[in-house]
>>> print(open('coords28.txt').read())   # compact mmCIF, C-alpha atoms
# COMPACT_ATOMS: atom_id res chain seq x y z
CA MET A 73 14.27 -31.01 -7.86
CA SER A 74 12.76 -33.83 -9.86
CA GLY A 75 9.74 -34.04 -12.10
CA ILE A 76 7.94 -31.29 -13.89
CA ALA A 77 8.50 -27.68 -12.88
CA VAL A 78 7.40 -24.29 -14.13
CA ARG A 79 10.09 -21.63 -13.89
CA ILE A 80 9.28 -17.90 -14.01
CA GLU A 81 12.07 -15.30 -14.03
CA LEU A 82 11.27 -11.69 -13.19
CA ALA A 83 13.54 -8.71 -13.79
CA PRO A 84 12.85 -4.98 -13.87
CA HIS A 85 12.67 -3.13 -17.17
CA CYS A 86 16.01 -1.39 -17.67
CA SER A 87 16.23 0.15 -21.10
CA LEU A 88 18.98 2.59 -20.12
CA THR A 89 22.44 1.11 -20.64
CA PRO A 90 25.52 2.31 -18.71
CA SER A 91 26.95 3.94 -21.84
CA GLY A 92 23.59 5.61 -22.55
CA ALA A 93 23.46 6.93 -18.98
CA ARG A 94 27.01 8.26 -19.30
CA THR A 95 26.17 10.01 -22.58
CA LEU A 96 23.01 11.51 -21.11
CA PHE A 97 24.83 12.69 -17.99
CA LEU A 98 27.78 14.23 -19.83
CA GLY A 99 25.53 15.93 -22.39
CA THR A 100 23.29 17.37 -19.71
CA CYS A 101 26.32 18.51 -17.69
CA GLY A 102 27.73 20.25 -20.76
CA VAL A 103 24.52 22.15 -21.45
CA SER A 104 23.83 22.97 -17.79
CA PHE A 105 27.34 24.14 -16.93
CA GLY A 106 27.59 26.00 -20.25
CA ILE A 107 24.50 28.05 -19.45
CA ALA A 108 25.60 28.45 -15.82
CA GLY A 109 29.02 29.67 -17.00
CA LEU A 110 27.42 32.32 -19.21
CA MET A 111 25.17 33.42 -16.36
CA THR A 112 28.20 33.60 -14.01
CA LEU A 113 29.97 35.93 -16.45
CA ARG A 114 26.97 38.27 -16.22
CA GLY A 115 27.17 38.33 -12.43
CA TYR A 116 24.62 35.65 -11.59
CA TRP A 117 27.14 33.41 -9.82
CA PRO A 118 24.59 31.44 -7.69
CA VAL A 119 23.38 29.77 -10.91
CA LEU A 120 26.64 27.79 -11.04
CA ALA A 121 26.08 26.35 -7.56
CA TYR A 122 22.51 25.33 -8.41
CA ALA A 123 23.68 23.73 -11.66
CA GLY A 124 26.21 21.71 -9.66
CA LEU A 125 23.51 20.54 -7.24
CA GLU A 126 21.20 19.61 -10.12
CA MET A 127 23.91 17.54 -11.82
CA LEU A 128 24.76 15.84 -8.52
CA LEU A 129 21.10 14.88 -8.11
CA LEU A 130 20.88 13.68 -11.74
CA GLY A 131 24.01 11.56 -11.27
CA TRP A 132 22.54 9.96 -8.13
CA ALA A 133 19.22 9.24 -9.91
CA LEU A 134 20.98 7.63 -12.90
CA HIS A 135 23.13 5.51 -10.58
CA ALA A 136 20.05 4.32 -8.65
CA SER A 137 18.28 3.51 -11.92
CA LEU A 138 21.22 1.47 -13.21
CA GLN A 139 21.45 -0.53 -9.96
CA ARG A 140 17.99 -2.01 -10.63
CA ARG A 141 19.49 -4.08 -13.46
CA HIS A 142 21.06 -6.43 -10.93
CA ARG A 143 17.76 -7.53 -9.37
CA ILE A 144 16.28 -10.90 -10.43
CA GLU A 145 13.49 -12.98 -8.89
CA THR A 146 12.99 -16.63 -9.83
CA ILE A 147 9.84 -18.57 -9.02
CA VAL A 148 9.91 -22.33 -9.49
CA VAL A 149 6.62 -24.21 -9.08
CA SER A 150 7.09 -27.98 -8.84
CA GLU A 151 4.63 -30.76 -8.02
CA ASP A 152 4.99 -30.22 -4.28
CA SER A 153 6.65 -26.85 -3.65
CA VAL A 154 6.93 -23.20 -4.63
CA GLU A 155 10.46 -21.83 -4.42
CA ILE A 156 11.14 -18.11 -4.61
CA GLU A 157 14.69 -16.85 -4.95
CA ALA A 158 15.50 -13.14 -5.04
CA ARG A 159 19.01 -12.09 -6.12
CA TRP A 160 20.34 -8.56 -5.92
CA ARG A 161 23.98 -7.49 -6.12
CA GLY A 162 25.46 -10.82 -5.07
CA MET A 163 23.03 -11.45 -2.22
CA ALA A 164 20.26 -14.04 -2.43
CA THR A 165 17.22 -14.79 -0.33
CA ARG A 166 15.17 -17.95 -0.72
CA ALA A 167 11.72 -18.96 0.47
CA VAL A 168 10.09 -22.37 -0.02
CA PHE A 169 6.37 -22.98 0.42
CA PRO A 170 4.32 -26.19 0.04
CA ARG A 171 2.47 -25.81 -3.28
CA HIS A 172 -0.92 -27.16 -2.23
CA TRP A 173 -1.06 -25.12 1.00
CA SER A 174 0.02 -21.82 -0.53
CA ARG A 175 -2.12 -18.95 -1.71
CA VAL A 176 -1.50 -16.12 -4.12
CA LYS A 177 -2.67 -12.76 -2.77
CA LEU A 178 -2.85 -9.44 -4.58
CA ARG A 179 -3.17 -6.90 -1.76
CA ASP A 180 -4.23 -3.33 -2.40
CA ASP A 181 -2.04 -0.61 -0.92
CA PHE A 182 -3.13 2.85 -0.03
CA SER A 183 -0.34 4.40 -2.08
CA ARG A 184 -0.65 5.51 -5.69
CA LEU A 185 3.05 4.86 -6.19
CA ARG A 186 2.58 1.12 -5.74
CA PRO A 187 -1.08 0.22 -6.18
CA ALA A 188 -0.87 -3.45 -5.11
CA ARG A 189 1.48 -6.02 -3.58
CA LEU A 190 1.70 -9.57 -4.92
CA GLU A 191 2.41 -12.14 -2.21
CA ILE A 192 2.60 -15.89 -1.85
CA GLU A 193 1.66 -17.01 1.64
CA SER A 194 1.45 -20.24 3.57
CA GLY A 195 1.60 -21.23 7.22
CA GLY A 196 1.71 -17.67 8.52
CA ARG A 197 4.66 -16.72 6.29
CA CYS A 198 4.50 -14.60 3.18
CA CYS A 199 6.88 -13.48 0.48
CA GLU A 200 6.33 -10.44 -1.74
CA ILE A 201 7.24 -10.91 -5.39
CA GLY A 202 7.44 -8.59 -8.36
CA SER A 203 7.57 -5.31 -6.43
CA PHE A 204 9.24 -3.69 -9.46
CA LEU A 205 6.48 -4.77 -11.88
CA THR A 206 3.72 -2.47 -13.10
CA GLY A 207 0.19 -2.95 -11.79
CA GLN A 208 -0.95 -4.76 -14.95
CA GLU A 209 2.11 -7.03 -14.97
CA ARG A 210 1.50 -7.86 -11.31
CA GLN A 211 -2.14 -8.76 -12.04
CA ARG A 212 -1.16 -11.01 -14.97
CA LEU A 213 1.48 -12.74 -12.85
CA ALA A 214 -1.06 -13.22 -10.03
CA LEU A 215 -3.48 -14.92 -12.45
CA ARG A 216 -0.73 -17.14 -13.84
CA LEU A 217 0.47 -18.16 -10.38
CA ALA A 218 -3.07 -18.70 -9.06
CA ALA A 219 -3.57 -21.26 -11.83
CA LEU A 220 -0.47 -23.15 -10.63
CA ILE A 221 -0.67 -22.78 -6.83
CA GLY A 222 -3.42 -23.62 -4.36
CA GLY A 223 -5.25 -26.28 -2.38
CA MET A 224 -5.10 -29.96 -3.29
CA ALA A 225 -8.48 -29.78 -4.99
CA ASP A 226 -7.68 -26.42 -6.63
CA SER A 227 -4.17 -27.04 -7.97
CA PRO A 228 -4.23 -28.52 -11.44
CA PRO A 229 -1.40 -30.79 -12.47
CA LEU A 230 1.53 -28.95 -14.00
CA PRO A 231 1.67 -28.96 -17.79
CA PRO A 232 3.61 -31.89 -19.21
CA GLY A 233 7.01 -31.23 -20.62
CA LYS A 234 10.68 -31.69 -19.99
CA PRO A 235 11.90 -31.47 -16.41
CA ARG A 236 13.41 -28.05 -15.80
CA GLY A 237 15.69 -26.90 -13.14
>>> encode(input="coords28.txt", output="C-alpha cells")
Amino acid sequence: MSGIAVRIELAPHCSLTPSGARTLFLGTCGVSFGIAGLMTLRGYWPVLAYAGLEMLLLGWALHASLQRRHRIETIVVSEDSVEIEARWRGMATRAVFPRHWSRVKLRDDFSRLRPARLEIESGGRCCEIGSFLTGQERQRLALRLAALIGGMADSPPLPPGKPRG
C-alpha cells in the first residue's frame, strides 16, 4: 500500500491475566470445596456435587474470557480502499472495500445484550467490525470512520503524515 493511510487497531478489553484467572479460580475452589467438605461431614453430601458443578462452570467461563485476548481487528483506510483484517487464534479474514463507494452503518439490534452493530458496506457486501466494543465505543468508532469513508464528494482527503503500513 502506498501513500497516506490511517490505521485503527481494535482489541477487546481483557484486564484479567492468566495468572490472575488461575489465582481467582484456585481461591474460589478452595473456599467452595472447603465449605462443601464441612457440609458433607454433617450429612449434606449433595453440596459437594453442586460445588463441583459450580467450579466446572467457573473454569469454563474464565477460559472463555481469556480466549478473547487473541482477537484483533485492523482497519486500514488508504486513499482508495478500506481494508479490514480480523485475526483470532491464528486464523485471519480479510475484506477490502473501495473507500469512496463504502458506507459506515450503525444498525440497531433488537437485543439489549448488543445494542447496535457497526458495519462497513459496499457493493452488496458488508463486514461487521468491533462486535466486542461497548455501545459508546462503537458510536465513537462509527463517527471516526464516517469522517474517513464515503462518496467522492463526501470523503475528505486523509490527514497528511508519514505513510503507514
>>> residues_around(input="coords28.txt", residues="Val176 (chain A)", least_positions_apart="6", cutoff="7 Å", atoms="only C-alpha atoms", output="list in words")
Glu191, Ile192, Glu193, Ala214, Leu217 and Ala218 of chain A
>>> closest_residue(input="coords28.txt", among="A:Ile147, A:His142, A:Arg179, A:Ile107", to="Met163 (chain A)", atoms="only C-alpha atoms")
A:His142
>>> residues_around(input="coords28.txt", residues="Gly109 (chain A)", least_positions_apart="4", cutoff="8 Å", atoms="only C-alpha atoms", output="PyMOL selection string")
chain A and resi 105+113+120
>>> atom_distance(input="coords28.txt", atom1="CA of Ala77 (chain A)", atom2="CA of Leu213 (chain A)")
16.5 Å
>>> atom_distance(input="coords28.txt", atom1="CA of Ser87 (chain A)", atom2="CA of Thr206 (chain A)")
15.1 Å
>>> atom_distance(input="coords28.txt", atom1="CA of Ser150 (chain A)", atom2="CA of His172 (chain A)")
10.4 Å
>>> residues_near_point(input="coords28.txt", point="(-2.8, -9.8, -8.9)", cutoff="7 Å", atoms="all atoms listed in the file", output="PDB file with C-alpha atoms, in the coordinates of the input")
ATOM      1  CA  LYS A 177      -2.670 -12.760  -2.770  1.00  0.00           C
ATOM      2  CA  LEU A 178      -2.850  -9.440  -4.580  1.00  0.00           C
ATOM      3  CA  LEU A 190       1.700  -9.570  -4.920  1.00  0.00           C
ATOM      4  CA  ARG A 210       1.500  -7.860 -11.310  1.00  0.00           C
ATOM      5  CA  GLN A 211      -2.140  -8.760 -12.040  1.00  0.00           C
ATOM      6  CA  ARG A 212      -1.160 -11.010 -14.970  1.00  0.00           C
ATOM      7  CA  LEU A 213       1.480 -12.740 -12.850  1.00  0.00           C
ATOM      8  CA  ALA A 214      -1.060 -13.220 -10.030  1.00  0.00           C
ATOM      9  CA  LEU A 215      -3.480 -14.920 -12.450  1.00  0.00           C
TER      10      LEU A 215
END
>>> closest_residue(input="coords28.txt", among="A:Gly99, A:Arg94, A:Ile221, A:Ile144", to="Ala164 (chain A)", atoms="only C-alpha atoms")
A:Ile144
>>> residues_around(input="coords28.txt", residues="Gly195 (chain A)", least_positions_apart="4", cutoff="9 Å", atoms="all atoms listed in the file", output="JSON, numbers by chain")
{"A": [169, 173, 174]}
>>> residues_near_point(input="coords28.txt", point="(7.7, -26.6, -4.7)", cutoff="7 Å", atoms="only C-alpha atoms", output="PyMOL selection string")
chain A and resi 148-155+168-171
>>> closest_residue(input="coords28.txt", among="A:Arg143, A:Pro118, A:Gly162, A:Gly102", to="Leu205 (chain A)", atoms="all atoms listed in the file")
A:Arg143
>>> closest_residue(input="coords28.txt", among="A:Leu130, A:Glu145, A:Arg175, A:Ala219", to="Leu96 (chain A)", atoms="only C-alpha atoms")
A:Leu130
>>> residues_around(input="coords28.txt", residues="Gly131 (chain A)", least_positions_apart="6", cutoff="10 Å", atoms="all atoms listed in the file", output="MDAnalysis selection string")
chainID A and resid 93:94 96:98 101 125 137
>>> closest_residue(input="coords28.txt", among="A:Ala123, A:Arg141, A:Leu129, A:Ala167", to="Val103 (chain A)", atoms="only C-alpha atoms")
A:Ala123
